[in-house]
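Participant: This one is model-v7.txt, compact mmCIF, C-alpha atoms and all ligand atoms.
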# COMPACT_ATOMS: atom_id res chain seq x y z
CA MET A 3 156.87 20.18 1.43
CA VAL A 4 159.66 20.79 3.89
CA GLY A 5 160.27 23.51 6.46
CA GLU A 6 158.91 25.32 9.49
CA VAL A 7 155.73 27.28 9.94
CA ASP A 8 154.53 29.62 12.72
CA VAL A 9 150.86 29.53 13.66
CA VAL A 10 149.13 32.54 15.25
CA GLY A 11 146.04 32.76 17.43
CA ALA A 12 142.93 30.63 16.94
CA LYS A 13 140.08 32.02 14.83
CA ASN A 14 137.53 30.13 16.91
CA SER A 15 138.94 31.69 20.07
CA VAL A 16 139.68 35.31 19.16
CA LEU A 17 136.15 36.01 17.91
CA LYS A 18 134.59 34.84 21.18
CA LEU A 19 137.17 36.77 23.23
CA MET A 20 136.23 39.87 21.24
CA ALA A 21 132.55 39.23 22.11
CA ALA A 22 133.54 38.78 25.78
CA ALA A 23 134.97 42.33 25.74
CA LEU A 24 131.33 43.50 25.77
CA LEU A 25 131.05 42.21 29.34
CA ALA A 26 133.34 44.88 30.83
CA GLU A 27 133.50 48.65 30.51
CA GLY A 28 136.97 49.89 29.47
CA THR A 29 139.70 48.73 27.11
CA THR A 30 140.26 45.04 26.47
CA THR A 31 143.48 44.18 24.61
CA ILE A 32 143.77 40.88 22.79
CA THR A 33 147.17 39.81 21.43
CA ASN A 34 148.32 37.03 19.06
CA CYS A 35 145.22 37.62 16.91
CA PRO A 36 145.23 36.04 13.45
CA GLU A 37 145.14 38.53 10.54
CA ILE A 38 142.08 36.98 8.93
CA LEU A 39 138.92 38.48 7.46
CA ASP A 40 136.66 37.45 10.35
CA VAL A 41 138.51 39.70 12.85
CA PRO A 42 137.61 43.00 11.09
CA LEU A 43 134.09 41.63 10.57
CA MET A 44 133.73 41.00 14.30
CA ALA A 45 135.20 44.47 14.93
CA GLU A 46 132.43 45.90 12.74
CA VAL A 47 129.83 44.04 14.85
CA LEU A 48 131.30 45.47 18.07
CA ARG A 49 131.47 49.01 16.65
CA SER A 50 127.76 48.78 15.80
CA LEU A 51 127.20 48.07 19.51
CA GLY A 52 129.01 51.25 20.59
CA CYS A 53 132.54 49.91 21.12
CA SER A 54 135.56 51.49 19.52
CA VAL A 55 137.89 48.88 18.04
CA GLU A 56 141.43 49.34 16.84
CA ILE A 57 143.23 46.56 14.98
CA ASP A 58 147.00 46.94 15.04
CA GLY A 59 148.49 43.90 13.27
CA THR A 60 148.02 40.98 15.62
CA THR A 61 146.75 43.14 18.51
CA VAL A 62 143.15 44.24 18.90
CA HIS A 63 142.05 46.95 21.35
CA ILE A 64 138.33 47.10 22.16
CA THR A 65 136.96 49.96 24.25
CA THR A 66 133.52 49.15 25.59
CA PRO A 67 131.31 52.01 26.84
CA SER A 68 129.30 51.92 30.08
CA GLU A 69 126.06 51.62 28.08
CA VAL A 70 126.15 49.06 25.26
CA GLU A 71 123.69 49.12 22.32
CA HIS A 72 121.51 45.97 22.51
CA ARG A 73 120.68 45.65 18.79
CA ALA A 74 123.28 43.62 16.89
CA THR A 75 121.84 43.89 13.41
CA SER A 76 124.74 45.24 11.32
CA SER A 77 125.33 43.56 7.94
CA ALA A 78 128.55 42.02 9.31
CA MET A 79 126.45 39.81 11.61
CA GLY A 80 125.37 37.61 8.71
CA LYS A 81 128.92 37.11 7.45
CA LEU A 82 130.30 34.93 10.24
CA ARG A 83 129.06 32.30 12.66
CA ALA A 84 130.83 33.64 15.73
CA SER A 85 128.75 36.84 15.61
CA VAL A 86 126.07 34.92 17.53
CA CYS A 87 128.40 34.99 20.55
CA VAL A 88 127.37 38.59 21.26
CA LEU A 89 123.97 37.22 22.36
CA GLY A 90 125.06 36.03 25.83
CA PRO A 91 127.09 39.18 26.64
CA LEU A 92 124.28 41.51 25.45
CA VAL A 93 121.66 39.74 27.56
CA ALA A 94 124.08 39.94 30.50
CA ARG A 95 124.92 43.64 30.05
CA CYS A 96 121.64 45.08 28.68
CA ARG A 97 119.11 42.47 29.86
CA ARG A 98 117.84 42.45 26.26
CA ALA A 99 119.27 41.64 22.87
CA VAL A 100 118.18 41.72 19.25
CA VAL A 101 120.69 39.70 17.28
CA THR A 102 120.64 38.94 13.54
CA LEU A 103 120.92 35.22 12.84
CA PRO A 104 124.58 34.49 12.15
CA GLY A 105 126.17 33.50 8.83
CA GLY A 106 129.37 31.53 8.40
CA ASP A 107 130.17 28.32 6.59
CA ALA A 108 127.40 26.39 4.84
CA ILE A 109 128.31 23.06 6.40
CA GLY A 110 124.87 21.89 7.51
CA SER A 111 121.99 23.00 9.69
CA ARG A 112 123.22 25.15 12.55
CA PRO A 113 120.26 25.74 14.89
CA LEU A 114 120.39 27.93 18.02
CA ASP A 115 117.95 25.97 20.19
CA MET A 116 120.56 25.13 22.84
CA HIS A 117 121.74 28.76 23.02
CA GLN A 118 118.13 29.88 23.51
CA ASN A 119 117.21 27.12 25.98
CA GLY A 120 120.24 27.95 28.10
CA LEU A 121 119.32 31.63 28.24
CA ARG A 122 115.72 30.69 29.09
CA GLN A 123 116.94 28.61 32.04
CA LEU A 124 118.78 31.72 33.24
CA GLY A 125 115.48 33.63 33.14
CA ALA A 126 115.50 35.29 29.71
CA SER A 127 112.70 34.94 27.18
CA SER A 128 113.99 34.14 23.71
CA HIS A 129 112.38 33.75 20.30
CA ILE A 130 113.31 34.12 16.65
CA GLU A 131 111.32 36.47 14.40
CA HIS A 132 112.07 37.98 10.98
CA GLY A 133 115.61 36.61 10.98
CA VAL A 134 116.64 37.95 14.39
CA VAL A 135 116.92 36.39 17.85
CA VAL A 136 115.10 38.47 20.44
CA ALA A 137 115.98 37.85 24.09
CA GLU A 138 114.82 39.72 27.19
CA ALA A 139 115.25 39.28 30.92
CA GLU A 140 114.25 41.26 34.00
CA ASP A 141 116.97 39.48 35.93
CA LEU A 142 119.35 36.64 35.18
CA SER A 143 119.55 33.96 37.86
CA GLY A 144 121.89 30.98 38.05
CA ALA A 145 120.43 27.62 37.00
CA GLN A 146 121.26 23.99 36.35
CA ILE A 147 121.56 23.58 32.57
CA TRP A 148 121.93 20.26 30.75
CA LEU A 149 123.01 20.61 27.13
CA ASP A 150 121.70 17.97 24.69
CA PHE A 151 125.07 18.04 22.95
CA PRO A 152 128.39 19.71 23.92
CA SER A 153 127.84 22.65 21.55
CA VAL A 154 130.77 25.06 21.44
CA GLY A 155 128.69 28.17 20.68
CA ALA A 156 125.92 27.36 23.19
CA THR A 157 128.46 26.70 25.95
CA GLU A 158 130.14 30.07 25.21
CA ASN A 159 126.92 32.10 25.15
CA ILE A 160 125.58 30.54 28.36
CA LEU A 161 128.96 30.88 30.08
CA MET A 162 129.18 34.60 29.27
CA ALA A 163 125.59 35.30 30.36
CA ALA A 164 126.04 33.25 33.57
CA ALA A 165 129.21 35.17 34.47
CA LEU A 166 127.05 38.25 35.25
CA ALA A 167 123.93 36.38 36.49
CA GLU A 168 122.92 36.29 40.13
CA GLY A 169 123.82 33.00 41.84
CA THR A 170 125.35 29.77 40.62
CA THR A 171 124.99 28.20 37.17
CA VAL A 172 126.03 24.64 36.39
CA ILE A 173 126.41 23.75 32.69
CA ASP A 174 126.44 19.98 32.24
CA ASN A 175 127.59 18.29 29.03
CA ALA A 176 129.51 21.51 28.29
CA ALA A 177 131.96 21.66 25.37
CA ARG A 178 135.59 21.02 26.35
CA GLU A 179 137.36 22.55 23.35
CA PRO A 180 140.65 24.40 24.09
CA GLU A 181 138.93 27.57 22.80
CA ILE A 182 136.37 27.26 25.65
CA VAL A 183 139.26 26.95 28.12
CA ASP A 184 140.82 30.08 26.57
CA LEU A 185 137.54 31.96 27.05
CA CYS A 186 137.33 30.73 30.68
CA VAL A 187 140.90 31.94 31.31
CA MET A 188 140.07 35.41 30.01
CA LEU A 189 136.77 35.57 31.92
CA GLN A 190 138.58 34.50 35.11
CA GLN A 191 141.16 37.27 34.59
CA MET A 192 138.21 39.65 34.20
CA GLY A 193 136.94 38.57 37.62
CA ALA A 194 134.51 35.78 36.72
CA LYS A 195 134.29 32.82 39.09
CA ILE A 196 134.38 29.63 37.01
CA GLU A 197 135.23 26.06 38.03
CA GLY A 198 135.66 22.99 35.85
CA SER A 199 137.12 24.68 32.78
CA GLY A 200 138.16 21.99 30.28
CA THR A 201 135.72 19.45 31.77
CA SER A 202 132.13 18.71 30.78
CA THR A 203 130.74 20.38 33.95
CA LEU A 204 131.25 24.12 34.26
CA THR A 205 130.21 25.86 37.47
CA VAL A 206 129.84 29.63 37.26
CA TYR A 207 129.35 31.77 40.38
CA GLY A 208 127.84 34.99 39.06
CA VAL A 209 129.49 38.33 39.91
CA PRO A 210 127.98 41.84 39.53
CA LYS A 211 130.81 43.32 37.42
CA LEU A 212 133.80 42.31 35.29
CA GLU A 213 136.96 44.28 34.48
CA ALA A 214 138.60 44.80 31.07
CA VAL A 215 141.92 42.94 30.74
CA GLN A 216 144.72 42.02 28.36
CA HIS A 217 144.77 38.45 27.02
CA ARG A 218 146.85 36.40 24.56
CA VAL A 219 144.90 34.08 22.23
CA ILE A 220 145.92 30.38 22.18
CA GLY A 221 147.50 29.03 18.98
CA ASP A 222 145.15 27.77 16.28
CA ARG A 223 145.06 23.99 16.63
CA ILE A 224 143.05 23.58 13.42
CA VAL A 225 145.58 25.57 11.37
CA GLY A 226 148.46 23.74 13.12
CA ALA A 227 146.89 20.37 12.39
CA THR A 228 146.30 21.45 8.79
CA TRP A 229 150.08 21.78 8.38
CA ALA A 230 150.47 18.33 9.98
CA PHE A 231 148.11 16.94 7.32
CA ALA A 232 149.97 18.87 4.62
CA ALA A 233 153.20 17.10 5.63
CA ALA A 234 151.57 13.67 5.80
CA THR A 235 149.62 14.03 2.54
CA THR A 236 152.52 15.32 0.44
CA CYS A 237 155.19 13.03 2.01
CA GLY A 238 156.84 16.12 3.49
CA ASP A 239 158.52 17.16 6.73
CA ILE A 240 157.00 20.17 8.53
CA THR A 241 157.71 21.64 11.98
CA VAL A 242 154.75 23.58 13.38
CA ARG A 243 155.33 26.24 16.05
CA GLY A 244 152.81 28.12 18.19
CA VAL A 245 150.30 25.32 18.87
CA GLN A 246 150.23 23.19 22.01
CA PRO A 247 150.72 19.55 20.92
CA GLN A 248 148.17 18.35 23.53
CA HIS A 249 145.49 20.25 21.58
CA VAL A 250 146.17 18.02 18.55
CA ASN A 251 147.03 14.72 20.28
CA LEU A 252 144.48 12.60 18.45
CA VAL A 253 145.34 14.13 15.07
CA LEU A 254 149.04 13.41 15.55
CA GLU A 255 148.24 9.86 16.69
CA LYS A 256 146.18 9.26 13.53
CA LEU A 257 149.04 10.53 11.37
CA ARG A 258 151.50 8.34 13.27
CA ILE A 259 149.28 5.31 12.48
CA ALA A 260 149.28 6.46 8.83
CA GLY A 261 153.08 6.15 8.90
CA ALA A 262 154.35 9.60 9.90
CA GLU A 263 157.16 10.17 12.34
CA ILE A 264 155.96 12.58 15.03
CA THR A 265 158.06 14.58 17.48
CA THR A 266 156.60 17.00 20.01
CA SER A 267 157.91 19.54 22.49
CA ASP A 268 156.34 22.46 24.39
CA GLU A 269 154.65 24.60 21.73
CA GLU A 270 156.02 22.77 18.71
CA PHE A 271 155.57 19.54 16.79
CA ARG A 272 157.14 17.95 13.71
CA VAL A 273 155.46 15.62 11.23
CA ALA A 274 157.69 13.76 8.77
CA MET A 275 156.34 11.26 6.25
CA ASN A 276 158.85 9.41 4.11
CA ARG A 277 156.49 7.03 2.26
CA ARG A 278 152.97 6.88 0.89
CA PRO A 279 150.54 7.25 3.83
CA GLU A 280 148.55 4.20 4.91
CA ALA A 281 144.76 4.42 5.06
CA VAL A 282 143.29 5.31 8.48
CA ASP A 283 139.68 5.66 9.66
CA PHE A 284 138.46 8.98 11.10
CA VAL A 285 135.36 9.73 13.23
CA THR A 286 134.52 13.37 13.94
CA LEU A 287 133.43 14.17 17.49
CA PRO A 288 133.55 17.09 19.95
CA PHE A 289 136.96 17.66 21.60
CA PRO A 290 138.96 15.59 22.51
CA GLY A 291 137.59 13.66 19.50
CA PHE A 292 138.77 14.22 15.94
CA PRO A 293 137.71 17.77 14.88
CA THR A 294 135.04 18.08 12.19
CA ASP A 295 136.98 21.10 10.88
CA LEU A 296 139.75 18.71 9.80
CA GLN A 297 137.45 16.28 8.01
CA PRO A 298 138.28 17.64 4.51
CA MET A 299 142.01 17.28 5.25
CA ALA A 300 141.38 13.69 6.42
CA LEU A 301 139.53 13.03 3.15
CA ALA A 302 142.38 14.52 1.09
CA LEU A 303 144.88 12.26 2.90
CA SER A 304 142.63 9.21 2.44
CA ALA A 305 142.26 9.97 -1.29
CA VAL A 306 146.00 9.31 -1.83
CA ALA A 307 146.58 6.76 0.96
CA ASP A 308 147.40 3.11 0.49
CA GLY A 309 144.17 1.24 1.29
CA THR A 310 140.56 2.06 2.15
CA SER A 311 139.44 4.56 4.81
CA MET A 312 136.05 5.05 6.44
CA ILE A 313 135.29 8.62 7.51
CA THR A 314 132.31 9.27 9.79
CA GLU A 315 130.93 12.81 10.17
CA ASN A 316 128.88 13.28 13.33
CA LEU A 317 128.49 17.08 13.49
CA PHE A 318 127.79 18.78 10.16
CA GLU A 319 126.05 16.68 7.52
CA SER A 320 126.79 18.95 4.55
CA ARG A 321 130.55 18.72 4.97
CA PHE A 322 130.55 15.71 2.60
CA ARG A 323 129.71 18.12 -0.28
CA PHE A 324 133.48 18.44 -0.43
CA ILE A 325 133.68 14.87 -1.77
CA GLU A 326 132.04 15.90 -5.06
CA GLU A 327 135.00 18.20 -5.70
CA LEU A 328 137.53 15.56 -4.66
CA VAL A 329 135.94 13.08 -7.09
CA ARG A 330 136.49 15.62 -9.90
CA MET A 331 140.19 15.14 -9.19
CA GLY A 332 139.94 11.36 -9.59
CA ALA A 333 139.36 10.37 -5.94
CA ASP A 334 137.48 7.11 -5.44
CA ALA A 335 135.06 8.17 -2.70
CA ARG A 336 131.40 7.59 -1.99
CA THR A 337 129.09 8.54 0.85
CA ASP A 338 126.18 6.89 2.60
CA GLY A 339 124.50 9.06 5.21
CA HIS A 340 127.17 10.27 7.56
CA HIS A 341 129.82 7.78 6.38
CA ALA A 342 132.25 8.09 3.51
CA VAL A 343 134.36 5.30 2.09
CA VAL A 344 137.53 6.36 0.29
CA ARG A 345 139.75 3.99 -1.69
CA GLY A 346 143.15 5.64 -1.92
CA GLN A 347 144.70 6.23 -5.37
CA GLN A 348 148.37 6.39 -6.32
CA HIS A 349 147.70 9.74 -8.03
CA LEU A 350 144.97 12.35 -8.33
CA SER A 351 144.54 14.34 -11.53
CA SER A 352 144.24 18.11 -11.62
CA ALA A 353 140.85 19.71 -12.34
CA PRO A 354 139.09 23.01 -11.69
CA VAL A 355 137.43 22.69 -8.26
CA TRP A 356 135.34 24.97 -6.02
CA ALA A 357 135.88 25.75 -2.34
CA THR A 358 132.53 25.70 -0.52
CA ASP A 359 133.84 26.73 2.92
CA ILE A 360 137.12 27.54 4.69
CA ARG A 361 138.18 23.99 5.48
CA ALA A 362 136.95 22.47 2.21
CA GLY A 363 139.04 25.07 0.36
CA VAL A 364 142.14 24.02 2.27
CA GLY A 365 141.37 20.32 1.71
CA LEU A 366 141.21 20.96 -2.05
CA VAL A 367 144.57 22.73 -2.00
CA LEU A 368 146.14 19.76 -0.20
CA ALA A 369 144.62 17.37 -2.76
CA GLY A 370 145.83 19.66 -5.58
CA LEU A 371 149.39 19.45 -4.24
CA CYS A 372 149.23 15.65 -4.80
CA ALA A 373 147.56 15.83 -8.23
CA ASP A 374 149.26 15.52 -11.62
CA GLY A 375 149.10 18.85 -13.48
CA VAL A 376 147.85 22.27 -12.42
CA THR A 377 144.79 22.35 -10.14
CA GLU A 378 142.67 25.52 -10.08
CA VAL A 379 140.83 26.09 -6.80
CA TRP A 380 138.05 28.67 -7.16
CA ASP A 381 136.29 30.78 -4.49
CA VAL A 382 139.39 30.86 -2.30
CA PHE A 383 138.02 33.91 -0.47
CA HIS A 384 136.63 31.30 1.95
CA ILE A 385 140.21 30.38 2.96
CA ASP A 386 140.95 34.05 3.83
CA ARG A 387 138.39 33.79 6.65
CA GLY A 388 140.54 31.31 8.55
CA TYR A 389 144.12 31.05 7.27
CA PRO A 390 146.43 34.10 7.35
CA ASP A 391 149.22 34.00 4.73
CA PHE A 392 148.12 30.60 3.45
CA VAL A 393 149.64 30.84 -0.02
CA ALA A 394 152.85 32.50 1.27
CA ASN A 395 153.28 29.75 3.89
CA LEU A 396 152.79 27.04 1.28
CA GLY A 397 155.30 28.72 -1.02
CA GLN A 398 157.90 28.88 1.80
CA LEU A 399 157.39 25.16 2.39
CA GLY A 400 158.16 24.46 -1.26
CA ALA A 401 154.68 24.11 -2.77
CA ALA A 402 154.20 25.29 -6.35
CA ILE A 403 151.20 27.52 -5.75
CA GLU A 404 150.16 30.92 -6.98
CA ARG A 405 147.22 33.16 -6.18
CA VAL A 406 145.70 34.58 -9.34
CA GLY A 407 142.67 36.67 -10.25
CA GLU A 408 140.72 38.82 -7.82
CA ASN A 409 142.54 39.58 -4.51
CA ALA A 410 145.77 38.03 -5.83
C1 LIG A 501 132.08 25.81 16.33
C2 LIG A 501 133.18 26.25 15.37
C3 LIG A 501 133.23 25.34 14.13
C4 LIG A 501 133.35 23.89 14.55
C5 LIG A 501 132.23 23.54 15.56
C6 LIG A 501 132.39 22.14 16.11
C7 LIG A 501 133.24 28.63 15.71
C8 LIG A 501 133.01 29.98 15.15
N1 LIG A 501 132.92 27.61 14.93
O1 LIG A 501 130.85 25.99 15.64
O2 LIG A 501 134.38 25.71 13.36
O3 LIG A 501 133.19 23.07 13.39
O4 LIG A 501 132.29 24.44 16.68
O5 LIG A 501 133.62 21.96 16.69
O6 LIG A 501 133.74 28.47 16.82
N2 LIG A 501 123.69 22.39 17.52
C9 LIG A 501 122.32 22.29 17.73
N3 LIG A 501 121.72 23.31 18.42
C10 LIG A 501 122.41 24.39 18.90
C11 LIG A 501 123.79 24.46 18.67
C12 LIG A 501 124.41 23.44 17.99
O7 LIG A 501 121.68 21.34 17.32
O8 LIG A 501 121.78 25.27 19.53
C13 LIG A 501 124.38 21.28 16.81
C14 LIG A 501 124.98 21.70 15.48
O9 LIG A 501 124.04 21.63 14.44
C15 LIG A 501 126.11 20.70 15.32
C16 LIG A 501 126.57 20.47 16.75
O10 LIG A 501 125.50 20.89 17.59
O11 LIG A 501 125.64 19.49 14.79
C17 LIG A 501 127.84 21.18 17.15
O12 LIG A 501 127.71 22.55 16.88
P1 LIG A 501 128.50 23.65 17.74
O13 LIG A 501 129.47 22.96 18.63
O14 LIG A 501 127.49 24.55 18.36
O15 LIG A 501 129.29 24.40 16.62
P2 LIG A 501 129.49 25.96 16.45
O16 LIG A 501 129.67 26.61 17.77
O17 LIG A 501 128.46 26.50 15.53
Give the structure from the file, written as structure tokens.

Facilitator:
Amino acid sequence: MVGEVDVVGAKNSVLKLMAAALLAEGTTTITNCPEILDVPLMAEVLRSLGCSVEIDGTTVHITTPSEVEHRATSSAMGKLRASVCVLGPLVARCRRAVVTLPGGDAIGSRPLDMHQNGLRQLGASSHIEHGVVVAEAEDLSGAQIWLDFPSVGATENILMAAALAEGTTVIDNAAREPEIVDLCVMLQQMGAKIEGSGTSTLTVYGVPKLEAVQHRVIGDRIVGATWAFAAATTCGDITVRGVQPQHVNLVLEKLRIAGAEITTSDEEFRVAMNRRPEAVDFVTLPFPGFPTDLQPMALALSAVADGTSMITENLFESRFRFIEELVRMGADARTDGHHAVVRGQQHLSSAPVWATDIRAGVGLVLAGLCADGVTEVWDVFHIDRGYPDFVANLGQLGAAIERVGENA
């Protein structure tokens, strides 16, 4: 595949920024939003809380009333993971929240203990009953919070609640993902006092009120890196625009070791592979480690690479379900606990395969592009939740791909 591709805003950022709009009365405008299914779903969640939301292409306007509804129990809540990020803002604004347990990708157990513990440290009670999280607080007061693990969602919920708490909160072992930095930037524009953004210690000096602002979402590093993998896996040459190369440093370094030629500039990078990729090992870890969301793409690359790769999954145990589908296409891969060993093959062979989540669906498409014959990927609605214009982009890059059946 050869050509250029533009990447829009990050799914894992925009949904949290939309939740953050609950923190301030008035109209928040978010630009560079991806046109993916999860954005209207999150809009539905916010409307059920009393906001009016207008989606105009890649711009979303959210008008938050002075009094926000504290019950987030609409059916949309169960359709995406990021819906849980209304918990922190609701506790902050209403001092109580009833939030349906979130849905999202079935990639392993996704508990909320760190979200709840963090809110408890700030002075809120929190328990789960009948499939909802119930949280209540007379007052929120700053606290020292140590996270067991740098959870993205827990860091975001605690950060948003702490922004309107009284006094100073320190979150230690906080997540450092670029999407957390994006959220900090927007909160700071809104008037929040935050130090240490992008480091593992976040200090939040609570303020009584935040203001609605306009904010541009950062480029989607996972989508950008997916195109980098597409180039490396198919021996192509793809220039990716709209993503900051420093957000995908480790990914590009891995692909360089696999044999790709990498060039980077401001908000652009190019990945060119002119021979069969060499096998590389991958270990998933929180940022700046290798992203778990790219593990299926790493497996697809390893399946056709020259040599044997070891892939270690440290975040979501069920992600290796993807391997069963890859094996249907002739991959030589086996798993043991959270390790997978993949012996690269010269060719894969086409087969009907099933997408089990967003990233697995994309991994199967990449593998299908390297397989002899026509590969059918089923349940591609998963891909719509994270990748705008996926099939059109692939077609422009020269892939022989067609969307058929429902939603074609
Ligand atoms: C977010 C991303 C997801 C990405 C993940 C890790 C969104 C909508 N999703 O998910 O695409 O794969 O970060 O980069 O932004 N954990 C607990 N208790 C908790 C919270 C988390 O044990 O209270 C564990 C999880 O089971 C997992 C690990 O911590 O093993 C990391 O999860 P977390 O960073 O919270 O991921 P999400 O925010 O759910």

Participant: Using all atoms listed in the file, which residue out of A:Val7, A:Ala126, A:Val285, A:Ile264 lies closest to Leu396 of chain A?

Facilitator: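 Selected residue with least distance to Leu396 of chain A: A:Val7.
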
Participant: Please provide as a ChimeraX atom specification all residues within 6 Å of segment 378-388 of chain A, with the sequence filter that same-chain residues fewer than 3 positions apart are discarded (counting all atoms listed in the file).

Facilitator: /A:38-40,354-357,359-360

Participant: Restricted to C-alpha atoms, what would the selected residues look like written as a compact mmCIF listing (two decimals), in the frame of the given file?

Facilitator:
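Output (part10.txt):
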# COMPACT_ATOMS: atom_id res chain seq x y z
CA ILE A 38 142.08 36.98 8.93
CA LEU A 39 138.92 38.48 7.46
CA ASP A 40 136.66 37.45 10.35
CA PRO A 354 139.09 23.01 -11.69
CA VAL A 355 137.43 22.69 -8.26
CA TRP A 356 135.34 24.97 -6.02
CA ALA A 357 135.88 25.75 -2.34
CA ASP A 359 133.84 26.73 2.92
CA ILE A 360 137.12 27.54 4.69

Participant: Within 7 Å of Arg98 of chain A, counting all atoms listed in the file, which residues show up once you throw out same-chain ones fewer than 6 positions away? Write them as a compact mmCIF listing (two decimals) with C-alpha atoms, in the frame of the given file, please.

Facilitator:
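Listed below is the output, out.txt:
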# COMPACT_ATOMS: atom_id res chain seq x y z
CA HIS A 72 121.51 45.97 22.51
CA LEU A 92 124.28 41.51 25.45
CA ALA A 137 115.98 37.85 24.09
CA GLU A 138 114.82 39.72 27.19
CA ALA A 139 115.25 39.28 30.92

Participant: Between atom CA of Glu46 of chain A and atom CA of Pro67 of chain A, what is the distance in Å, rounded to a tenth?

Facilitator: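 According to the coordinates, atom CA of Glu46 of chain A and atom CA of Pro67 of chain A are separated by 15.4 Å.
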
Participant: Counting only C-alpha atoms, what is within 9 Å of Ala21 of chain A, bar same-chain residues fewer than 6 positions away, as a PDB file with C-alpha atoms, in the coordinates of the input?

Facilitator:
ATOM      1  CA  MET A  44     133.730  41.000  14.300  1.00  0.00           C
ATOM      2  CA  LEU A  48     131.300  45.470  18.070  1.00  0.00           C
ATOM      3  CA  ALA A  84     130.830  33.640  15.730  1.00  0.00           C
ATOM      4  CA  SER A  85     128.750  36.840  15.610  1.00  0.00           C
ATOM      5  CA  CYS A  87     128.400  34.990  20.550  1.00  0.00           C
ATOM      6  CA  VAL A  88     127.370  38.590  21.260  1.00  0.00           C
ATOM      7  CA  LEU A  89     123.970  37.220  22.360  1.00  0.00           C
ATOM      8  CA  GLY A  90     125.060  36.030  25.830  1.00  0.00           C
ATOM      9  CA  PRO A  91     127.090  39.180  26.640  1.00  0.00           C
TER      10      PRO A  91
END

Participant: Between atom CA of Gly346 of chain A and atom CA of Val282 of chain A, what is the distance in Å, rounded to a tenth?

Facilitator: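 Calculated distance between atom CA of Gly346 of chain A and atom CA of Val282 of chain A is 10.4 Å.
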
Participant: To check your reading of the model: which residues sit at most 8 Å from ligand LIG 501 (chain A) when counting only C-alpha atoms and all ligand atoms? Write the answer as an NGL selection string.

Facilitator: :A and (13-15 or 17-18 or 82-84 or 106 or 110-118 or 151-157 or 177 or 179 or 181 or 287-289 or 293-295 or 316-319)

Participant: (122.1, 23.3, 29.8) in this file's frame - what residues fall within 8 Å of it? Use all atoms listed in the file and give the answer as number ranges by chain.

Facilitator: A: 116, 119-120, 123, 146-150, 172-176

Participant: Excluding Gly238 of chain A and any residue of its chain fewer than 3 positions from it, enumerate the residues within 8 Å of it, using only C-alpha atoms, and give them as a PDB file with C-alpha atoms, in the coordinates of the input.

Facilitator:
ATOM      1  CA  MET A   3     156.870  20.180   1.430  1.00  0.00           C
ATOM      2  CA  VAL A   4     159.660  20.790   3.890  1.00  0.00           C
ATOM      3  CA  ALA A 232     149.970  18.870   4.620  1.00  0.00           C
ATOM      4  CA  ALA A 233     153.200  17.100   5.630  1.00  0.00           C
ATOM      5  CA  ALA A 234     151.570  13.670   5.800  1.00  0.00           C
ATOM      6  CA  THR A 235     149.620  14.030   2.540  1.00  0.00           C
ATOM      7  CA  VAL A 273     155.460  15.620  11.230  1.00  0.00           C
ATOM      8  CA  ALA A 274     157.690  13.760   8.770  1.00  0.00           C
ATOM      9  CA  MET A 275     156.340  11.260   6.250  1.00  0.00           C
ATOM     10  CA  ASN A 276     158.850   9.410   4.110  1.00  0.00           C
TER      11      ASN A 276
END

Participant: Separation of atom CA of Gly309 of chain A and atom CA of Arg277 of chain A, in Å?

Facilitator: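 Result for atom CA of Gly309 of chain A versus atom CA of Arg277 of chain A: 13.6 Å, one decimal.
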
Participant: Restricting the calculation to all atoms listed in the file, which member of A:Arg223, A:Arg73, A:Arg49, A:Lys211 is positioned closest to Val10 of chain A?

Facilitator: A:Arg223

Participant: Closest to Gly80 of chain A among A:Val134, A:Leu19, A:Val242, A:Val329, using only C-alpha atoms?

Facilitator: A:Val134

Participant: Any chance you could work out the axis-aligned box around segment 43-51 of chain A, listed atoms only, 4 Å on each side, giving centre and edge lengths in Å to one decimal, as AutoDock Vina command-line options?

Facilitator:
--center_x 131.2 --center_y 45.0 --center_z 15.0 --size_x 16.0 --size_y 16.0 --size_z 16.9

Participant: Counting only C-alpha atoms, which residue out of A:Ala26, A:Ile259, A:Ile220, A:Val93 sits closest to Thr65 of chain A?

Facilitator: A:Ala26

Participant: Of the residues A:Gly193, A:Pro390, A:Pro290, A:Gly125, which is the one nearest to Asp8 of chain A, using only C-alpha atoms?

Facilitator: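 Nearest to Asp8 of chain A: A:Pro390.
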
Participant: Show which residues sit within 12 Å of segment 52-55 of chain A, as a PyMOL selection string. Count all atoms listed in the file, and ignore same-chain residues fewer than 2 positions away.

Facilitator: chain A and resi 20-21+23-32+41-50+57-58+61-74+76+92

Participant: Would you mind completing segment 126-130 of chain A so that it carries N, CA and C atoms, and writing it out as a compact mmCIF listing (two decimals), in the coordinates of the input?

Facilitator:
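That gives us part_12.txt:
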# COMPACT_ATOMS: atom_id res chain seq x y z
N ALA A 126 115.78 34.38 30.83
CA ALA A 126 115.50 35.29 29.71
C ALA A 126 114.45 34.65 28.80
N SER A 127 113.57 35.47 28.23
CA SER A 127 112.70 34.94 27.18
C SER A 127 113.51 34.99 25.89
N SER A 128 113.23 34.11 24.96
CA SER A 128 113.99 34.14 23.71
C SER A 128 113.16 33.55 22.59
N HIS A 129 113.04 34.30 21.49
CA HIS A 129 112.38 33.75 20.30
C HIS A 129 113.04 34.31 19.05
N ILE A 130 112.74 33.66 17.93
CA ILE A 130 113.31 34.12 16.65
C ILE A 130 112.17 34.67 15.81
